[in-house]
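**Q** Below are the structure tokens for one structure; questions will follow.
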Protein chains: 2
Amino acid sequence: MSPLKPVDAHLHEVLAAVAPLGSLNFNLGESQGCVLAEDVFTTFPLPPFDSAATDGYAVRSDDVRTASPTTPVGLPVVGDISAGSTAPYTVQPGLCVRITAGAPMPPGADAVVPLDWTDRGTVNVAINQPVPPARFVRAEGSEAPTGTRLMAAGTHLGPAQIGMLAAVGRNRVVVMPRPRVVVMTTGRELVDPGQPLARGQVPDAVSALLTAAAQEAGGIAFRVGIVPDEPGALADTIEDQLIRADVVLAAGGAGGGLPAVLREVLGRIGAVSFDTVAMQPGHQQGFGAIGPDHTPFFALSGDPASAFVSFEVFVRPTLRRMIGVEPVNRPMVRARLHDRVVSNPGVRSYAAGWLAVEGGAYTVRPVGGSTPTMAALASGNALIVVPEDVTAIEAGEPAAVMVLDKHQP
Amino acid sequence: MSPLKPVDAHLHEVLAAVAPLGSLNFNLGESQGCVLAEDVFTTFPLPPFDSAATDGYAVRSDDVRTASPTTPVGLPVVGDISAGSTAPYTVQPGLCVRITAGAPMPPGADAVVPLDWTDRGTVNVAINQPVPPARFVRAEGSEAPTGTRLMAAGTHLGPAQIGMLAAVGRNRVVVMPRPRVVVMTTGRELVDPGQPLARGQVPDAVSALLTAAAQEAGGIAFRVGIVPDEPGALADTIEDQLIRADVVLAAGGAGGGLPAVLREVLGRIGAVSFDTVAMQPGHQQGFGAIGPDHTPFFALSGDPASAFVSFEVFVRPTLRRMIGVEPVNRPMVRARLHDRVVSNPGVRSYAAGWLAVEGGAYTVRPVGGSTPTMAALASGNALIVVPEDVTAIEAGEPAAVMVLDKHQP
């Protein structure tokens with residue numbers, strides 16, 4: 001038996017072979033979830049002009065310095081300024097202007113008296129509290145002067161970042177694009193989910209699984225589905241798909257057994273190596289580059305549970321590297337193990353687990369035993385990792401846990 | 001000044017007014033990220049038939065019980081069975097069949113000898129290790145017999161769950177739909193981001209912000225953008241949009257000041273209350289129901305930072321309630337505060353913060369002071385919450401922190 005390749009060595013090799021994709025200029029509305037690929041500077045002050053911070057009256061603060069509830073100051077209201085208004089009022093001494101929050105401060109005024117400090121008069125207003133200069137005024141440039149770097153390349157664009165980009169007047173932005181991931185399966189036993197099964201047939205679970213996983217990892221997935229396990233059709237499909245692929249995931253057909261059609265095809269159109277990696281499940285890993293653009297190609301097990309673990313360990317970090325997000329790996333936590341898990345010596349094992357917080361500390365309960373089935377993985381929210389030099393972790397001991405589900409815990 | 005409404009009372013009132021949406025039958029491929037609205041049972045055994053767990057030779061285990069490296073057992077190979085194969089081989093005593101992982105076990109055979117235990121012969125094979133009965137066979141129904149409940153209503157559908165549903169032959173699934181969120185802004189000062197600004201104008205940041213936030217919360221957002229601040233146009237737009245809205249978010253135009261056009265329109269087509277809530281920012285909150293279907297309607301501040309905090313505190317929990325996800329609120333953690341934050345008495349304040357893990361414990365650094373600007377929120381990953389009865393939290397003290405960004409820390 002050939003020596004097993006360590007998981008970390010394989011991951012290192014995979015990551016060394018991929019680079020971040022080239023950046024693209026996107027519409028702001030399409031950039032959500034992307035990683036910023038430029039530094040963003042303000043091109044005008046934020047806010048762009050002095051404006052009222054609240055609804056009230058724009059005054060000269062000196063005019064109301066004696067105001068109190070018992071001796072209010074009365075001022076004639078010479079106009080209304082609302083947000084977006086272009087009325088060219090100037091506030092002369094002894095006068096004021098009604099103003100709404102966000103509206104530009106009129107020349108002459110230096111403060112805003114909030115409505116609640118007044119009798120809300122429309123012709124004359126009685127003001128019962130003094131206001132210091134600049135109070136309730138959002139000063140031009142107070143948030144950021146022109147030329148301020150507000151966001152750095154590498155920032156993940158969530159709602160607040162999108163809002164900020166819009167606030168600085170951007171409708172386009174340079175981002176790292178989401179990698180396009182083509183997902184296909186081979187296997188004569190496969191039928192599309194929902195179709196009746198003859199004896200020996202199983203639904204193609206792995207293409208739905210990998211499509212969803214690629215999307216969850218930030219990719220744009222194209223599900224080709226089941227490709228005939230025949231050299232001509234397989235080669236044609238792969239070559240056709242390369243035009244829209246930044247990565248290809250092919251599940252099944254890579255077994256060491258008889259119908260090594262995929263290996264035969266890959267030998268002609270690329271350089272894909274097949275390794276036996278020291279892990280369980282997922283010990284068979286094919287990885288390389290195919291086609292004129294040397295598109296990364298993963299040959300994964302046709303077994304859904306193996307493919308799922310392989311995706312998490314190798315493919316997801318690859319997609320994140322292409323997106324330009326760090327860290328590429330899932331978060332790891334240490335959690336107290338509820339029940340014993342076992343592993344074969346010399347291999348890193350991944351068991352399905354349910355990570356929870358009990359009494360302020362992480363705990364993890366193995367789901368479905370030490371070898372994950374698809375049902376166990378679907379009932380879990382984490383992978384319990386048993387290192388190569390460990391054959392059992394006992395109940396109560398700490399275990400390393402890969403956190404999978406952002407919704408949990 | 002009217003008494004302030006507590007944040008929790010307002011949230012309670014909002015949540016009491018909304019219910020989960022009716023469930024829908026979706027294509028499996030469109031159900032990712034949705035919440036399952038049915039219990040899912042197996043309708044056939046998993047696996048559906050006895051199959052080889054590895055590539056090798058299907059044998060009668062009794063035939064190889066004496067096998068060893070020094071005294072291998074030789075067996076004639078009478079055929080090949082690959083996955084999906086329908087060849088009707090039966091393994092007679094003293095014979096074997098080559099088999100690939102996933103292929104149905106032939107009648108007669110009760111175990112699989114892995115390739116690595118053999119000389120990989122194709123006509124005759126030398127087997128150098130015995131195999132116990134049932135070894136390397138995935139038994140029919142061993143993962144789940146027919147009628148097993150594999151997933152319960154309420155399960156969040158991530159990649160593993162999608163894979164599992166495909167594995168049980170489902171191509172359609174009953175889920176809670178994503179709420180359709182219509183986002184509009186009013187304000188004569190607003191221009192679309194990317195357009196030049198005249199004096200007194202600002203880019204419409206809040207509609208991009210709320211659109212992104214609604215999508216991040218699991219909704220399908222429709223960005224209407226800037227609606228003229230004029231009663232007829234506003235009423236027409238709202239009524240037109242209701243046909244595709246499960247929720248309407250309208251930002252701006254709800255001020256207590258002069259152009260209360262939105263309030264006037266809402267008075268005619270719905271019942272929306274405007275409250276002054278004991279929070280900072282976001283103290284002005286409009287909420288109610290409009291139109292024939294009593295569609296929930298939020299009137300939010302036109303100020304992006306206020307709208308963002310209001311979204312997090314009131315709108316996001318509403319969307320999650322409609323989706324049927326619990327808990328509806330963001331996770332809260334306690335973190336040691338790096339720098340002092342202050343708040344007005346009697347109001348709950350939300351400051352932008354950067355949550356990190358230092359020395360195994362959460363810490364949080366206020367970003368941009370105690371009152372969040374959009375730039376501060378865009379640089380943070382959390383909101384520091386200062387309770388109503390607290391006016392300052394000192395550096396080094398623990399603070400309650402709402403975790404916003406699943407990508408951090």
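Order determines the names: the first chain of the structure tokens is A, the second B, and so forth; residues in each chain are numbered 1 upward, and ligands are numbered 1 upward as they are shown.
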Report as a VMD selection string the set of chain B residues whose atoms approach chain A to within 7 Å, with distances computed over only C-alpha atoms.
**A** chain B and resid 1 32 49 55 83 to 84 100 103 to 104 116 150 159 to 164 166 to 167 169 to 171 187 to 189 193 to 194 200 to 201 203 to 206 208 to 209 212 to 213 256 to 258 374 to 375 377 to 378 406
**Q** With C-alpha atoms retained, could you export that selection as a CSV table (one decimal), in the first residue's frame?
**A**
chain,number,residue,atom,x,y,z
B,1,MET,CA,-42.2,65.9,25.7
B,32,GLN,CA,-31.1,26.7,0.0
B,49,PHE,CA,-29.7,-1.9,-1.6
B,55,ASP,CA,-13.5,-1.2,-4.7
B,83,ALA,CA,-22.1,1.0,-9.9
B,84,GLY,CA,-25.3,1.1,-11.9
B,100,THR,CA,-16.6,-1.1,-7.5
B,103,ALA,CA,-22.2,-1.2,-6.9
B,104,PRO,CA,-25.0,-3.6,-5.8
B,116,ASP,CA,-5.3,-3.7,-1.4
B,150,LEU,CA,-34.7,12.4,8.8
B,159,PRO,CA,-25.6,22.2,1.9
B,160,ALA,CA,-25.7,19.0,4.0
B,161,GLN,CA,-29.5,19.2,4.3
B,162,ILE,CA,-29.9,19.8,0.6
B,163,GLY,CA,-27.7,16.8,-0.1
B,164,MET,CA,-29.7,14.7,2.3
B,166,ALA,CA,-31.6,14.7,-2.7
B,167,ALA,CA,-30.4,11.4,-1.3
B,169,GLY,CA,-35.1,11.3,-3.7
B,170,ARG,CA,-36.7,14.7,-3.2
B,171,ASN,CA,-36.6,17.3,-5.9
B,187,GLY,CA,-36.6,62.9,0.5
B,188,ARG,CA,-36.1,65.8,-2.0
B,189,GLU,CA,-32.4,66.0,-1.0
B,193,PRO,CA,-25.5,57.2,-6.0
B,194,GLY,CA,-23.2,58.0,-8.9
B,200,GLY,CA,-28.1,70.5,-0.5
B,201,GLN,CA,-28.2,67.1,-2.1
B,203,PRO,CA,-26.7,60.3,-2.4
B,204,ASP,CA,-29.5,58.0,-1.5
B,205,ALA,CA,-27.5,55.6,0.7
B,206,VAL,CA,-30.3,54.3,2.7
B,208,ALA,CA,-28.9,50.5,-1.0
B,209,LEU,CA,-28.3,49.9,2.7
B,212,ALA,CA,-28.6,44.7,1.3
B,213,ALA,CA,-29.7,44.3,4.9
B,256,GLY,CA,-41.9,65.4,12.7
B,257,GLY,CA,-41.2,68.4,10.6
B,258,LEU,CA,-42.8,70.0,7.7
B,374,MET,CA,-22.4,55.3,8.7
B,375,ALA,CA,-18.6,55.2,8.4
B,377,LEU,CA,-20.9,51.2,11.3
B,378,ALA,CA,-19.1,50.2,8.0
B,406,LYS,CA,-21.0,36.5,10.5
**Q** Report the residues of range 15-121 of chain B whose backbone DSSP state falls under strand (DSSP E), written as a count of residues only.
**A** 31
**Q** Rounded to one decimal, what separation in Å do you get between CA of Tyr57 in chain A and CA of Leu300 in chain B?
**A** 22.5 Å
**Q** Neighbours of Ser61 in chain B within 9 Å (only C-alpha atoms; same-chain residues fewer than 4 positions away dropped), as a VMD selection string?
**A** chain B and resid 65 109 to 113 130 to 135
**Q** Could you save the residues just selected, with N, CA and C atoms, as a CSV table (one decimal), in the first residue's frame?
**A**
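Generated file (out-v4.csv):
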chain,number,residue,atom,x,y,z
B,65,ARG,N,-11.5,-17.6,4.3
B,65,ARG,CA,-11.2,-17.6,5.8
B,65,ARG,C,-9.8,-18.0,6.1
B,109,ALA,N,-22.6,-13.5,-2.6
B,109,ALA,CA,-21.5,-12.9,-1.9
B,109,ALA,C,-22.0,-12.2,-0.7
B,110,ASP,N,-21.2,-12.2,0.4
B,110,ASP,CA,-21.6,-11.6,1.7
B,110,ASP,C,-20.5,-10.7,2.2
B,111,ALA,N,-19.5,-10.4,1.4
B,111,ALA,CA,-18.4,-9.5,1.9
B,111,ALA,C,-17.6,-9.0,0.7
B,112,VAL,N,-16.9,-7.9,0.9
B,112,VAL,CA,-16.0,-7.4,-0.2
B,112,VAL,C,-14.6,-7.4,0.3
B,113,VAL,N,-13.7,-8.0,-0.5
B,113,VAL,CA,-12.3,-7.9,-0.2
B,113,VAL,C,-11.7,-6.7,-0.9
B,130,PRO,N,-8.2,-12.7,5.2
B,130,PRO,CA,-9.6,-13.1,5.3
B,130,PRO,C,-10.5,-11.9,5.5
B,131,VAL,N,-11.8,-12.1,5.2
B,131,VAL,CA,-12.8,-11.0,5.4
B,131,VAL,C,-14.0,-11.5,6.2
B,132,PRO,N,-14.4,-10.9,7.3
B,132,PRO,CA,-15.6,-11.5,7.9
B,132,PRO,C,-16.9,-11.2,7.2
B,133,PRO,N,-17.9,-11.9,7.4
B,133,PRO,CA,-19.2,-11.6,6.7
B,133,PRO,C,-19.6,-10.2,6.9
B,134,ALA,N,-20.2,-9.6,5.9
B,134,ALA,CA,-20.8,-8.2,6.0
B,134,ALA,C,-19.7,-7.1,5.9
B,135,ARG,N,-18.4,-7.5,5.9
B,135,ARG,CA,-17.4,-6.5,5.9
B,135,ARG,C,-17.3,-5.8,4.6
**Q** Excluding Ile384 in chain A and any residue of its chain fewer than 4 positions from it, enumerate the residues within 9 Å of it, using only C-alpha atoms, and give them as a list in words.
**A**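 Once the adjacent positions are removed, what remains is Leu337, Val341, Ser349, Tyr350, Ala351, Ala352, Gly353, Trp354, Val364, Arg365, Pro366, Ser370, Ala399, Ala400, Val401, Met402 and Val403 of chain A.
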**Q** Quick one: write out the picked residues with C-alpha atoms as a PDB file, in the first residue's frame?
**A**
ATOM      1  CA  LEU A 337     -16.894  15.732  23.838  1.00  0.00           C
ATOM      2  CA  VAL A 341     -15.157   8.928  18.987  1.00  0.00           C
ATOM      3  CA  SER A 349     -10.973  11.495  10.897  1.00  0.00           C
ATOM      4  CA  TYR A 350     -13.972  13.764  10.599  1.00  0.00           C
ATOM      5  CA  ALA A 351     -17.120  12.799  12.521  1.00  0.00           C
ATOM      6  CA  ALA A 352     -20.441  14.641  12.347  1.00  0.00           C
ATOM      7  CA  GLY A 353     -21.190  16.546  15.530  1.00  0.00           C
ATOM      8  CA  TRP A 354     -23.607  18.899  17.173  1.00  0.00           C
ATOM      9  CA  VAL A 364     -19.977  18.673  21.050  1.00  0.00           C
ATOM     10  CA  ARG A 365     -22.066  15.546  20.673  1.00  0.00           C
ATOM     11  CA  PRO A 366     -21.099  13.071  17.956  1.00  0.00           C
ATOM     12  CA  SER A 370     -17.408   8.089  14.296  1.00  0.00           C
ATOM     13  CA  ALA A 399     -11.900  17.794  20.888  1.00  0.00           C
ATOM     14  CA  ALA A 400     -11.099  20.067  17.959  1.00  0.00           C
ATOM     15  CA  VAL A 401     -14.285  21.019  16.136  1.00  0.00           C
ATOM     16  CA  MET A 402     -14.735  22.650  12.744  1.00  0.00           C
ATOM     17  CA  VAL A 403     -17.750  24.963  12.880  1.00  0.00           C
TER      18      VAL A 403
END
**Q** I need the residues of range 171-353 of chain A that end up classed as helix (DSSP H, G or I) by DSSP on the backbone, written out as a PyMOL selection string.
**A** chain A and resi 205-216+231-244+261-269+304-323
**Q** So, with only C-alpha atoms as the atoms that count, which of B:Val78, B:Val386, B:Leu11, B:Val183 lies closest to Ala299 in chain B?
**A**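 Looking at the shortest contact to Ala299 in chain B, the residue is B:Val183.
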**Q** Mind pulling up the distance from CA of His12 in chain A to CA of Ala289 in chain A?
**A**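 CA of Ala289 in chain A sits 15.4 Å away from CA of His12 in chain A.
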**Q** So how many Å separate CA of Ser273 in chain A and CA of Val385 in chain A, to one decimal?
**A** 25.4 Å
**Q** For each of A:Val18, A:Ile220, A:Ala58, A:Cys96, take the minimum atom-to-atom distance to Val77 in chain A, counting only C-alpha atoms, then give the residue where this is smallest.
**A**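 Smallest distance to Val77 in chain A is found for A:Cys96.
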